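Working notes, structure below.
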Amino acid sequence: MCSMKKSTSREKTPPPREVESRELLGSEGQLVIHHENRRYLLRFTKSGKLILTA
């Protein structure tokens with residue numbers, strides 16, 4: 001018999017973490033993210049928007 005509890009829609013999930021973009025990107029305005037053996041660059045654009053590129 002399996003004693004693992006199944007997830008139900010009534011279970012509450014914790015809210016996602018929140019981070020200020022300037023805190024995350026620092027004074028350089030960019031951050032390298034490694035995900036599944038790939039390198040991504042998150043950065044501010046000249047117009048102040050965020051862009052994620054591989």
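Order determines the names: the first chain of the structure tokens is A, the second B, and so forth; residues in each chain are numbered 1 upward, and ligands are numbered 1 upward as they are shown.
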
Leaving out stretch 49-51 of chain A and any residue of its chain fewer than 3 positions from it, which residues lie within 10 Å of it when counting only C-alpha atoms, given as a short mmCIF file (atom, residue, chain, number, x, y, z; two decimals) with C-alpha atoms, in the first residue's frame?
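Now in out24.cif:
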```cif
data_model
loop_
_atom_site.label_atom_id
_atom_site.label_comp_id
_atom_site.auth_asym_id
_atom_site.auth_seq_id
_atom_site.Cartn_x
_atom_site.Cartn_y
_atom_site.Cartn_z
CA SER A 21 15.04 43.57 -10.56
CA GLY A 29 22.27 45.58 -15.10
CA GLN A 30 22.69 41.97 -16.11
CA LEU A 41 21.56 36.42 -19.96
CA LEU A 42 18.92 38.48 -18.17
CA ARG A 43 19.50 42.20 -18.66
CA PHE A 44 17.94 45.63 -18.82
CA THR A 45 17.36 47.05 -22.29
CA LYS A 46 18.08 50.68 -23.16
#
```

Check the DSSP output for the backbone and give back, as a count of residues only, the residues of chain A in strand (DSSP E). 17

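Atom CA of A:Leu25 is found 14.3 Å from atom CA of A:Thr53.
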
Quick one: DSSP alpha helix (DSSP H) residues in chain A, as a PyMOL selection string? chain A and resi 21-25

Rank nothing, just name the residue among A:Leu24, A:Pro16, A:Leu52, A:Arg10 nearest to A:Arg39, using only C-alpha atoms. A:Leu52

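Rounded to one decimal, atom CA of A:Ala54 and atom CA of A:Asn37 lie 11.2 Å from each other.
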